[in-house]
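Raw contents of coords-v6.txt, compact mmCIF, C-alpha atoms and all ligand atoms:
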```
# COMPACT_ATOMS: atom_id res chain seq x y z
CA MET A 1 111.65 100.87 90.18
CA HIS A 2 113.55 98.65 92.58
CA GLU A 3 112.52 100.09 95.91
CA GLU A 4 115.37 98.67 97.99
CA ALA A 5 117.89 100.11 95.57
CA ALA A 6 116.11 103.47 95.56
CA ARG A 7 116.63 103.64 99.32
CA GLY A 8 120.28 102.72 98.90
CA GLN A 9 119.67 99.17 100.27
CA PRO A 10 121.09 96.16 98.47
CA VAL A 11 118.55 94.29 96.39
CA PRO A 12 118.49 90.50 96.79
CA SER A 13 121.31 88.81 94.90
CA THR A 14 119.01 86.77 92.65
CA ARG A 15 117.44 89.99 91.37
CA TRP A 16 120.87 91.53 90.84
CA ALA A 17 121.83 88.46 88.88
CA ARG A 18 118.73 88.79 86.73
CA LEU A 19 119.51 92.46 86.11
CA MET A 20 123.11 91.67 85.26
CA ASN A 21 122.08 89.05 82.77
CA THR A 22 119.49 91.06 80.92
CA GLU A 23 119.16 94.85 80.80
CA ARG A 24 122.57 95.60 82.31
CA GLU A 25 124.44 93.73 79.58
CA GLN A 26 123.90 96.60 77.18
CA PRO A 27 126.29 99.50 77.92
CA VAL A 28 124.58 102.85 78.44
CA GLY A 29 125.24 105.22 75.54
CA VAL A 30 126.61 108.47 77.00
CA ALA A 31 127.81 111.92 75.98
CA VAL A 32 129.91 114.45 77.88
CA VAL A 33 129.04 118.12 77.40
CA GLY A 34 131.80 120.48 78.53
CA ALA A 35 135.46 119.53 78.12
CA GLY A 36 137.30 122.25 80.03
CA TYR A 37 139.17 121.47 83.25
CA TRP A 38 136.90 118.74 84.74
CA GLY A 39 135.20 117.29 81.63
CA PRO A 40 138.25 115.29 80.43
CA ASN A 41 138.20 113.35 83.72
CA LEU A 42 134.65 112.20 82.99
CA VAL A 43 135.56 111.47 79.37
CA ARG A 44 138.42 109.22 80.54
CA ASN A 45 136.24 107.44 83.11
CA PHE A 46 133.30 106.86 80.76
CA ALA A 47 135.72 105.51 78.15
CA ALA A 48 137.21 103.12 80.73
CA HIS A 49 133.94 101.80 82.22
CA PRO A 50 132.53 98.57 80.73
CA GLY A 51 128.95 99.66 81.51
CA ALA A 52 129.21 102.85 79.45
CA ASP A 53 129.57 103.49 75.74
CA LEU A 54 130.96 107.00 75.21
CA ARG A 55 129.38 108.27 71.96
CA TRP A 56 130.04 112.04 71.94
CA VAL A 57 132.06 114.81 73.53
CA CYS A 58 130.54 118.24 72.99
CA ASP A 59 132.05 121.63 73.80
CA LEU A 60 131.40 125.14 72.47
CA SER A 61 135.10 124.98 71.67
CA ARG A 62 135.57 122.07 69.27
CA ALA A 63 139.31 122.20 69.97
CA GLN A 64 138.63 121.51 73.67
CA ALA A 65 136.45 118.51 72.79
CA GLU A 66 139.13 117.19 70.42
CA LYS A 67 141.80 117.56 73.07
CA ALA A 68 139.71 115.59 75.59
CA VAL A 69 139.04 112.73 73.17
CA GLY A 70 142.47 112.38 71.57
CA ARG A 71 143.40 112.10 67.93
CA TYR A 72 142.75 108.42 67.30
CA SER A 73 139.41 107.93 69.01
CA THR A 74 136.16 106.95 67.32
CA VAL A 75 134.15 109.04 69.81
CA GLY A 76 132.16 111.78 68.04
CA ILE A 77 133.19 115.43 68.51
CA THR A 78 130.84 118.36 68.13
CA ASP A 79 130.23 121.93 69.24
CA ASP A 80 126.46 121.51 68.69
CA LEU A 81 124.40 120.09 71.58
CA GLN A 82 121.51 119.28 69.18
CA VAL A 83 123.73 116.76 67.37
CA VAL A 84 124.19 114.91 70.66
CA LEU A 85 120.51 115.13 71.61
CA SER A 86 119.23 113.88 68.28
CA ASP A 87 121.37 110.72 68.47
CA PRO A 88 119.10 107.90 69.74
CA SER A 89 122.12 105.89 70.90
CA VAL A 90 122.76 108.53 73.59
CA GLU A 91 120.77 107.58 76.68
CA ALA A 92 122.52 109.77 79.27
CA VAL A 93 124.40 113.06 79.17
CA ALA A 94 127.01 114.34 81.64
CA VAL A 95 126.77 118.12 81.97
CA VAL A 96 130.25 119.42 82.84
CA THR A 97 129.81 123.07 81.92
CA PRO A 98 129.99 126.06 84.33
CA ALA A 99 127.23 126.10 86.97
CA ALA A 100 125.37 129.03 85.36
CA THR A 101 124.71 126.90 82.26
CA HIS A 102 123.62 123.68 84.02
CA VAL A 103 119.87 124.36 83.87
CA ALA A 104 119.72 125.27 80.17
CA VAL A 105 121.85 122.30 79.08
CA ALA A 106 120.21 119.77 81.44
CA MET A 107 116.68 120.91 80.51
CA ALA A 108 117.47 120.45 76.80
CA CYS A 109 118.67 116.93 77.63
CA PHE A 110 115.49 116.09 79.58
CA ASP A 111 113.35 117.45 76.72
CA ALA A 112 115.19 115.05 74.42
CA GLY A 113 114.43 112.15 76.81
CA LYS A 114 118.00 111.73 78.10
CA HIS A 115 119.06 110.86 81.65
CA VAL A 116 121.39 113.48 83.12
CA LEU A 117 124.46 113.60 85.36
CA VAL A 118 125.09 117.20 86.44
CA GLU A 119 128.31 118.49 87.94
CA LYS A 120 128.34 120.10 91.36
CA PRO A 121 126.82 122.51 92.22
CA LEU A 122 123.59 121.21 90.69
CA ALA A 123 122.43 124.73 89.71
CA PRO A 124 123.12 128.37 90.56
CA SER A 125 120.04 128.62 92.84
CA VAL A 126 117.55 126.46 94.73
CA ALA A 127 114.76 127.52 92.34
CA ASP A 128 116.81 126.38 89.34
CA GLY A 129 117.76 123.15 91.07
CA GLN A 130 114.10 122.48 91.82
CA LEU A 131 113.28 122.95 88.11
CA LEU A 132 115.71 120.15 87.29
CA VAL A 133 114.43 117.84 90.03
CA ASP A 134 110.82 118.38 88.87
CA ALA A 135 111.66 117.96 85.18
CA ALA A 136 113.42 114.64 85.81
CA SER A 137 110.63 113.34 88.01
CA GLU A 138 107.86 114.35 85.56
CA ARG A 139 109.61 112.56 82.72
CA GLY A 140 110.70 109.50 84.74
CA LEU A 141 114.37 110.22 83.97
CA VAL A 142 117.43 109.87 86.19
CA LEU A 143 118.94 113.07 87.59
CA MET A 144 122.25 112.46 89.31
CA CYS A 145 124.56 115.06 90.82
CA ASP A 146 128.31 114.45 90.64
CA HIS A 147 129.13 114.66 94.32
CA THR A 148 132.43 113.02 93.51
CA TYR A 149 133.77 112.57 97.05
CA CYS A 150 130.76 110.42 98.00
CA TYR A 151 132.19 107.77 95.68
CA THR A 152 135.64 107.62 97.29
CA PRO A 153 136.37 104.50 99.37
CA ALA A 154 137.14 106.75 102.37
CA VAL A 155 133.77 108.53 102.34
CA ARG A 156 131.92 105.25 101.74
CA ALA A 157 133.68 103.83 104.82
CA ILE A 158 132.93 106.97 106.87
CA ARG A 159 129.27 106.74 105.92
CA ASP A 160 129.13 103.09 107.05
CA LEU A 161 130.88 103.92 110.35
CA VAL A 162 128.76 107.01 111.12
CA ARG A 163 125.39 105.74 109.96
CA GLY A 164 126.08 102.29 111.41
CA GLY A 165 126.43 103.89 114.87
CA GLU A 166 130.13 102.95 115.29
CA LEU A 167 130.99 106.51 116.39
CA GLY A 168 127.99 106.86 118.68
CA GLU A 169 126.18 110.19 118.73
CA ILE A 170 127.82 112.74 116.46
CA GLN A 171 129.23 115.62 118.49
CA TYR A 172 131.06 117.58 115.81
CA VAL A 173 132.34 117.54 112.23
CA ASP A 174 135.33 119.73 111.38
CA SER A 175 136.28 119.98 107.72
CA VAL A 176 139.22 121.87 106.21
CA ARG A 177 139.56 122.28 102.43
CA ILE A 178 142.24 124.84 101.72
CA ASN A 179 144.98 125.38 99.14
CA LEU A 180 146.32 127.98 96.73
CA GLY A 181 143.25 127.59 94.52
CA LEU A 182 142.19 129.17 91.27
CA VAL A 183 140.15 132.30 92.10
CA GLN A 184 137.03 131.58 90.03
CA ARG A 185 135.47 134.29 87.90
CA ASP A 186 131.83 133.33 88.39
CA VAL A 187 131.54 131.94 91.95
CA ASP A 188 132.97 132.62 95.42
CA VAL A 189 134.95 130.12 97.47
CA PHE A 190 131.76 128.82 99.15
CA TRP A 191 130.10 127.85 95.87
CA ASP A 192 133.36 126.48 94.47
CA LEU A 193 134.69 124.35 97.35
CA ALA A 194 131.97 123.95 100.00
CA PRO A 195 129.71 121.76 97.80
CA HIS A 196 132.27 119.03 98.48
CA ASP A 197 132.06 119.39 102.28
CA LEU A 198 128.28 119.84 102.27
CA SER A 199 127.64 116.87 99.99
CA ILE A 200 129.88 114.71 102.20
CA LEU A 201 127.99 115.87 105.32
CA ASP A 202 124.69 115.10 103.61
CA PHE A 203 125.96 111.66 102.60
CA VAL A 204 127.47 110.50 105.88
CA LEU A 205 125.28 111.97 108.61
CA PRO A 206 122.35 109.93 109.95
CA ASP A 207 118.87 111.15 109.02
CA ASP A 208 118.26 112.46 112.57
CA CYS A 209 121.43 114.57 112.53
CA ALA A 210 120.65 117.04 109.73
CA PRO A 211 121.93 120.65 109.68
CA MET A 212 119.34 123.03 111.18
CA ALA A 213 120.89 126.43 110.25
CA VAL A 214 123.99 127.94 108.73
CA ALA A 215 126.14 130.91 109.66
CA ALA A 216 128.73 132.08 107.12
CA GLN A 217 131.72 134.36 107.42
CA GLY A 218 133.77 135.27 104.39
CA ALA A 219 136.63 137.57 103.46
CA ASP A 220 138.05 138.97 100.24
CA PRO A 221 141.45 140.25 101.34
CA ILE A 222 142.81 140.51 97.76
CA GLY A 223 139.89 142.53 96.35
CA ALA A 224 138.76 139.78 93.94
CA GLY A 225 135.15 140.88 94.24
CA ARG A 226 134.04 137.70 96.02
CA ALA A 227 134.89 135.76 99.17
CA CYS A 228 138.19 133.89 98.83
CA VAL A 229 138.30 132.64 102.45
CA GLY A 230 135.19 131.26 104.12
CA TYR A 231 133.87 129.61 107.27
CA LEU A 232 130.54 127.81 107.56
CA THR A 233 129.06 126.78 110.90
CA LEU A 234 126.06 124.45 110.99
CA PRO A 235 124.30 123.37 114.20
CA LEU A 236 123.09 119.78 113.83
CA GLU A 237 119.94 118.09 115.07
CA GLY A 238 120.81 116.22 118.27
CA GLY A 239 123.09 118.93 119.64
CA GLY A 240 126.22 118.50 117.49
CA ILE A 241 127.87 121.07 115.25
CA ALA A 242 129.59 121.02 111.83
CA HIS A 243 132.18 123.45 110.56
CA ALA A 244 133.74 123.84 107.13
CA HIS A 245 136.75 126.02 106.33
CA VAL A 246 137.29 126.74 102.63
CA ASN A 247 140.13 128.90 101.36
CA TRP A 248 141.74 129.69 97.98
CA LEU A 249 144.62 131.63 99.55
CA SER A 250 146.40 129.00 101.63
CA PRO A 251 150.10 128.29 100.93
CA THR A 252 149.57 124.66 101.87
CA LYS A 253 146.96 122.14 100.76
CA ILE A 254 144.90 120.53 103.51
CA ARG A 255 142.00 118.13 103.01
CA THR A 256 141.17 116.91 106.49
CA THR A 257 137.91 116.12 108.25
CA ILE A 258 137.55 115.16 111.89
CA ILE A 259 134.33 113.60 113.15
CA GLY A 260 133.86 113.31 116.88
CA GLY A 261 131.35 110.86 118.29
CA SER A 262 130.37 109.82 121.78
CA ARG A 263 131.97 106.37 121.28
CA ARG A 264 134.75 106.94 118.74
CA MET A 265 136.35 109.69 116.69
CA LEU A 266 137.80 109.59 113.22
CA VAL A 267 140.25 111.61 111.19
CA TRP A 268 140.14 111.55 107.39
CA ASP A 269 143.22 112.97 105.71
CA ASP A 270 142.58 112.68 102.01
CA LEU A 271 146.16 113.63 101.17
CA ASP A 272 147.67 110.67 103.04
CA PRO A 273 147.27 107.63 100.77
CA GLN A 274 149.04 105.41 103.36
CA GLN A 275 146.50 106.19 106.05
CA ARG A 276 143.55 108.19 104.84
CA LEU A 277 141.33 107.07 107.73
CA SER A 278 142.26 106.86 111.41
CA LEU A 279 139.69 105.61 113.88
CA TYR A 280 140.31 106.56 117.51
CA ASP A 281 138.79 104.68 120.41
CA THR A 282 138.70 107.98 122.24
CA GLY A 283 135.93 109.70 124.13
CA VAL A 284 135.23 112.47 126.56
CA GLU A 285 132.41 111.94 129.02
CA LYS A 286 130.75 113.97 131.70
CA HIS A 287 129.76 111.97 134.75
CA ARG A 288 126.71 112.48 136.83
CA GLU A 289 127.44 115.18 139.32
CA ASN A 290 128.22 114.08 142.83
CA PRO A 291 126.41 116.54 145.12
CA GLY A 292 129.30 116.69 147.60
CA ASP A 293 132.06 117.18 144.99
CA THR A 294 132.85 120.76 144.06
CA ARG A 295 135.90 119.99 141.83
CA ARG A 296 135.04 120.79 138.19
CA GLU A 297 137.59 118.31 136.76
CA ALA A 298 136.04 115.39 138.57
CA MET A 299 132.96 115.60 136.33
CA ILE A 300 134.81 114.90 133.04
CA SER A 301 136.60 111.68 132.13
CA TYR A 302 138.83 111.07 129.13
CA ARG A 303 139.10 107.69 127.43
CA ILE A 304 142.17 107.29 125.24
CA GLY A 305 142.23 103.89 123.58
CA ASP A 306 143.77 102.37 120.45
CA MET A 307 143.90 103.98 117.05
CA THR A 308 143.19 101.78 114.04
CA ALA A 309 143.57 102.57 110.35
CA PRO A 310 140.88 100.75 108.37
CA ALA A 311 142.17 99.26 105.11
CA LEU A 312 140.52 100.93 102.12
CA PRO A 313 140.40 99.78 98.51
CA GLU A 314 142.05 102.21 96.09
CA HIS A 315 139.93 103.18 93.11
CA GLU A 316 139.16 106.40 91.32
CA ALA A 317 135.99 108.06 92.63
CA LEU A 318 134.77 108.86 89.12
CA GLN A 319 134.65 105.12 88.29
CA GLY A 320 132.13 104.91 91.13
CA VAL A 321 130.23 107.91 89.76
CA VAL A 322 130.01 106.32 86.30
CA GLY A 323 129.01 102.95 87.78
CA GLU A 324 126.25 104.56 89.84
CA LEU A 325 124.89 106.45 86.82
CA VAL A 326 124.89 103.30 84.70
CA GLY A 327 123.24 101.31 87.52
CA ALA A 328 120.56 103.95 88.11
CA VAL A 329 119.71 104.13 84.39
CA ARG A 330 119.58 100.37 83.87
CA GLU A 331 117.76 99.60 87.14
CA GLN A 332 115.43 102.61 86.82
CA ARG A 333 116.21 103.78 90.33
CA ALA A 334 117.31 106.94 92.07
CA PRO A 335 121.11 107.26 92.27
CA LEU A 336 122.82 107.59 95.65
CA THR A 337 123.52 111.28 94.99
CA ASP A 338 120.28 112.24 93.27
CA GLY A 339 118.80 115.63 92.42
CA GLU A 340 117.40 115.96 95.94
CA ALA A 341 120.91 115.59 97.38
CA GLY A 342 122.09 118.32 94.99
CA LEU A 343 119.16 120.47 96.08
CA ARG A 344 119.99 120.10 99.79
CA VAL A 345 123.51 121.39 99.11
CA LEU A 346 122.04 124.38 97.24
CA LYS A 347 119.71 125.14 100.15
CA ILE A 348 122.71 125.50 102.47
CA LEU A 349 124.73 127.54 99.96
CA GLU A 350 121.84 129.91 99.37
CA ALA A 351 121.23 130.29 103.11
CA ALA A 352 124.99 130.95 103.49
CA ASN A 353 124.64 133.82 100.96
CA ARG A 354 121.89 135.30 103.13
CA SER A 355 124.02 134.88 106.24
CA LEU A 356 126.99 136.63 104.55
CA ALA A 357 124.73 139.54 103.64
CA ASP A 358 123.61 139.71 107.29
CA ASP A 359 127.09 139.87 108.86
CA GLY A 360 127.24 136.15 109.59
CA ALA A 361 123.90 135.81 111.40
CA ALA A 362 122.60 132.24 111.52
CA VAL A 363 119.96 131.46 108.88
CA LYS A 364 117.52 128.62 109.57
CA LEU A 365 117.33 125.77 107.06
CA ASP A 366 113.56 125.36 106.97
CA GLY A 367 112.47 122.59 104.60
CA TYR A 368 116.00 121.23 104.30
CA ARG A 369 114.75 117.65 103.92
N1 LIG B 1 133.28 117.16 90.90
C1 LIG B 1 134.39 117.86 91.03
O1 LIG B 1 135.27 117.53 91.84
C2 LIG B 1 134.60 119.05 90.16
C3 LIG B 1 135.88 119.60 89.99
C4 LIG B 1 136.02 120.72 89.17
C5 LIG B 1 134.91 121.26 88.55
N2 LIG B 1 133.69 120.71 88.75
C6 LIG B 1 132.49 121.28 88.11
O2 LIG B 1 132.54 121.01 86.72
C7 LIG B 1 131.88 122.07 86.01
C8 LIG B 1 132.84 122.61 84.96
O3 LIG B 1 133.95 123.16 85.62
P1 LIG B 1 135.35 123.36 84.86
O4 LIG B 1 136.30 123.81 85.89
O5 LIG B 1 135.66 122.18 84.01
O6 LIG B 1 134.97 124.61 83.91
P2 LIG B 1 135.77 125.10 82.60
O7 LIG B 1 135.38 126.52 82.42
O8 LIG B 1 137.22 124.73 82.70
O9 LIG B 1 135.15 124.22 81.43
C9 LIG B 1 133.83 124.34 81.02
C10 LIG B 1 133.75 123.96 79.55
O10 LIG B 1 132.37 123.96 79.18
C11 LIG B 1 132.25 124.51 77.87
N3 LIG B 1 130.89 125.03 77.72
C12 LIG B 1 130.32 126.09 78.35
N4 LIG B 1 129.03 126.20 78.01
C13 LIG B 1 128.77 125.18 77.16
C14 LIG B 1 127.61 124.74 76.46
N5 LIG B 1 126.45 125.40 76.58
N6 LIG B 1 127.70 123.66 75.67
C15 LIG B 1 128.86 123.01 75.53
N7 LIG B 1 130.00 123.36 76.16
C16 LIG B 1 129.95 124.43 76.97
C17 LIG B 1 133.33 125.59 77.80
O11 LIG B 1 133.69 125.86 76.47
C18 LIG B 1 134.46 124.94 78.62
O12 LIG B 1 135.36 124.21 77.79
C19 LIG B 1 131.46 123.10 87.06
O13 LIG B 1 130.12 122.87 87.42
C20 LIG B 1 132.38 122.79 88.23
O14 LIG B 1 131.83 123.18 89.48
C21 LIG B 1 133.52 119.62 89.52
```
Show the structure stored in the file as C-alpha cells.
Amino acid sequence: MHEEAARGQPVPSTRWARLMNTEREQPVGVAVVGAGYWGPNLVRNFAAHPGADLRWVCDLSRAQAEKAVGRYSTVGITDDLQVVLSDPSVEAVAVVTPAATHVAVAMACFDAGKHVLVEKPLAPSVADGQLLVDAASERGLVLMCDHTYCYTPAVRAIRDLVRGGELGEIQYVDSVRINLGLVQRDVDVFWDLAPHDLSILDFVLPDDCAPMAVAAQGADPIGAGRACVGYLTLPLEGGGIAHAHVNWLSPTKIRTTIIGGSRRMLVWDDLDPQQRLSLYDTGVEKHRENPGDTRREAMISYRIGDMTAPALPEHEALQGVVGELVGAVREQRAPLTDGEAGLRVLKILEAANRSLADDGAAVKLDGYR
C-alpha cells in the first residue's frame, strides 16, 4: 500500500516512475456487468483506456451485451456472471446493474477475488453498503464507487479551490439538478439524482466542514408512488449550510452549483462548456459593531471584485474513473472515491428517508465519518 496515494497525496515521482515501468505496464483485465442505459458508457471507456483490457460484457439480456460491444469486437459476451468470474484474466469487474442488485453481484465478484467498481448508489441501504466495504477490506480488494462527477475537470478544480482555502470559510453550497427526467421504477428522485450532489459535496468540502444533519422535503404531484421533486438541506460543521434541489419534472435542464465562501464565491454551470466555472472575488462581511451607530446597514459591507473563469481541460469523466480504478488496482491503494465515500452518501440518503417519513424534520448524521 502506498500511503501517500491512499490519502490522495501524490507519491514521489521516482516511485511513480518505478510503478509505471513495472506493474502498471500490464493492462488490468476488466469486465462490465450490466449493459442497459449506463453500462455502454463504461464499455466504451474501458475499451478506449490503455491501462485496461476489456475482456467481457455480461448482461442478463445477451442482446443488450451484444449491442454494447458491437458486431466486430473480440470482447466476450455472456449472460452468465460465473463465466466472467471464472476467467483468471479478469482482475476487476464494473457492476452497472440496478442498485438493488449491486450487493449480490459485487459479493460474487469479491468471492472470486476480483476488484470491484460499483455504480452509484453503492447499495440500496447503509447495511448493504457496509457489507461491501467489509468484504473488500477483509479480502484486500479494491472497492471503488463510480461517483462520476468527481472525475470531471470542473469538480477537480472546485475541490482544489475549496480544500486549498481559496474560497475561505464555506458559508453555503446551493446545488440544482433538474430536468424532465425518466421517472424511475425502483427509486425516488433523491436516490436517483442526489447521489451526484452528495458525492460532490463529500469530495470537495474540507474535512472540518462535513454535513451534520439532513432535512428532506419531497413531493409526488403526478402520483408516481415516489417523490419526483425533492429538496435536501444539510447544516455543515463550521456554521455553513448545503442545499440540493433534485427534480424529474422540470421543463428545463439546470445543472448549477453555487459555493459561497468568506473570501470568494464560485458558480459551476455544467451545461456551459465555454465557461463551466466562474470565480467571483466577492464577499459580504459584517463589521464589528460601533456602539454609537444604530444604523443596521452600516454593519454589513459588500465587496464586488473581478470575476475570472479558470481554464479547464476537456476530457470525459469516465476516462478519469477508469484511470483511477486501474491505478488503485495496480498500486494497491484506496481509490479517490472508495467504498467509504459511497457509504457516506448512503448515510445521508437513508437519513433523508427518515426525514421524509417525519414531515421533513432534521435527522442527525451521527457517525457520518
Ligand atoms: N454514474 C452515473 O452518472 C450514472 C448514470 C446512470 C445510471 N447510473 C447507475 O448505473 C446503474 C445501472 O443503471 P441503468 O440506468 O443503466 O439501468 P438499466 O436498467 O438501463 O440497465 C441495467 C442492466 O443491467 C442488467 N442486469 C440486471 N441485473 C443483472 C445481473 N444480475 N447480471 C447481469 N446483468 C444484469 C439488465 O438486464 C439491464 O440491461 C444504476 O446503479 C444507476 O444508478 C449511474
Protein and nucleic residues near ligand LIG 1 (chain B), 7 Å, all atoms listed in the file, as a PDB file with C-alpha atoms, in the frame of the given file:
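The file below, out-v7.pdb, is the result:
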```pdb
ATOM      1  CA  VAL A  33     129.040 118.120  77.400  1.00  0.00           C
ATOM      2  CA  GLY A  34     131.800 120.480  78.530  1.00  0.00           C
ATOM      3  CA  ALA A  35     135.460 119.530  78.120  1.00  0.00           C
ATOM      4  CA  GLY A  36     137.300 122.250  80.030  1.00  0.00           C
ATOM      5  CA  TYR A  37     139.170 121.470  83.250  1.00  0.00           C
ATOM      6  CA  TRP A  38     136.900 118.740  84.740  1.00  0.00           C
ATOM      7  CA  GLY A  39     135.200 117.290  81.630  1.00  0.00           C
ATOM      8  CA  CYS A  58     130.540 118.240  72.990  1.00  0.00           C
ATOM      9  CA  ASP A  59     132.050 121.630  73.800  1.00  0.00           C
ATOM     10  CA  LEU A  60     131.400 125.140  72.470  1.00  0.00           C
ATOM     11  CA  SER A  61     135.100 124.980  71.670  1.00  0.00           C
ATOM     12  CA  GLN A  64     138.630 121.510  73.670  1.00  0.00           C
ATOM     13  CA  ASP A  79     130.230 121.930  69.240  1.00  0.00           C
ATOM     14  CA  LEU A  81     124.400 120.090  71.580  1.00  0.00           C
ATOM     15  CA  VAL A  96     130.250 119.420  82.840  1.00  0.00           C
ATOM     16  CA  THR A  97     129.810 123.070  81.920  1.00  0.00           C
ATOM     17  CA  PRO A  98     129.990 126.060  84.330  1.00  0.00           C
ATOM     18  CA  ALA A  99     127.230 126.100  86.970  1.00  0.00           C
ATOM     19  CA  THR A 101     124.710 126.900  82.260  1.00  0.00           C
ATOM     20  CA  VAL A 105     121.850 122.300  79.080  1.00  0.00           C
ATOM     21  CA  GLU A 119     128.310 118.490  87.940  1.00  0.00           C
ATOM     22  CA  LYS A 120     128.340 120.100  91.360  1.00  0.00           C
ATOM     23  CA  PRO A 121     126.820 122.510  92.220  1.00  0.00           C
ATOM     24  CA  ASP A 146     128.310 114.450  90.640  1.00  0.00           C
ATOM     25  CA  HIS A 147     129.130 114.660  94.320  1.00  0.00           C
ATOM     26  CA  THR A 148     132.430 113.020  93.510  1.00  0.00           C
ATOM     27  CA  ASP A 192     133.360 126.480  94.470  1.00  0.00           C
TER      28      ASP A 192
END
```
Residue neighbourhood Gln171 in chain A, 7 Å, all atoms listed in the file, exclusion window fewer than 2 positions, as a ChimeraX atom specification:
/A:169,240-241,260-262
From the set A:Ala31, A:Arg303, A:Val214, A:Pro195, which residue has the shortest atom-to-atom contact distance to Leu117 in chain A, counting all atoms listed in the file?
A:Ala31
Hey, what's within 7 Å of range 185-190 of chain A if we count only C-alpha atoms and toss same-chain stuff fewer than 6 positions away? As a ChimeraX atom specification, please?
/A:226-230,246-248
Taking all atoms listed in the file into account, which of A:Val322, A:Ala154, A:Ala328, A:Leu336 comes nearest Pro273 in chain A?
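Looking at the shortest contact to Pro273 in chain A, the residue is A:Ala154.
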Could you list, as a PyMOL selection string, every residue within 10 Å of Leu161 in chain A, counting all atoms listed in the file and ignoring same-chain residues fewer than 6 positions away?
chain A and resi 155+167-168+204-205+264+266+279
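CA of Val162 in chain A sits 27.0 Å away from CA of Met299 in chain A.
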With only C-alpha atoms as the counted atoms, please give the residues lying no more than 10 Å from range 348-352 of chain A, apart from itself and same-chain residues fewer than 5 positions off, as a ChimeraX atom specification.
/A:121,124-126,190-191,194-195,198,211-218,231-234,343,357-358,360-366,368
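The space separating CA of Arg369 in chain A from CA of Arg344 in chain A comes to 7.1 Å.
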Find the distance between CA of Ala244 in chain A and CA of Leu346 in chain A and write it in Å to one decimal.
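Value for the CA of Ala244 in chain A-CA of Leu346 in chain A distance: 15.3 Å.
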Would you mind listing what lies within 10 Å of Val75 in chain A as a list in words, with all atoms listed in the file counted and same-chain residues fewer than 2 positions away left out?
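Here the qualifying residues turn out to be Ala31, Val43, Ala47, Asp53, Leu54, Arg55, Trp56, Val57, Glu66, Val69, Gly70, Arg71, Tyr72, Ser73 and Ile77 of chain A.
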Which of these, A:Arg44, A:Arg255, A:Arg62, A:His115, has the shortest distance to Leu325 in chain A once you count all atoms listed in the file?
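Between A:Arg44, A:Arg255, A:Arg62, A:His115, the residue approaching Leu325 in chain A most closely is A:His115.
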I'd like to know which of A:Glu91, A:Asp281, A:Asn45, A:Lys347 is closest to Gln26 in chain A, using only C-alpha atoms.
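Distance minimum relative to Gln26 in chain A lands on A:Glu91.
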Shortest interatomic distance to Arg156 in chain A - which of A:Val329, A:Met107, A:Leu277, A:Ala123, counting only C-alpha atoms:
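Smallest separation from Arg156 in chain A among the options: A:Leu277.
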Would you please work out which residue, of A:Ala48, A:Val30, A:Pro310, A:Lys114, is nearest to Gly76 in chain A when using only C-alpha atoms?
A:Val30
Quick one: 5 Å padding each side, axis-aligned, all listed atoms of range 306-321 of chain A - centre and edge lengths in Å to one decimal, as lines of an AutoDock Vina configuration file?
```
center_x = 137.1
center_y = 104.1
center_z = 104.4
size_x = 23.7
size_y = 19.6
size_z = 42.2
```
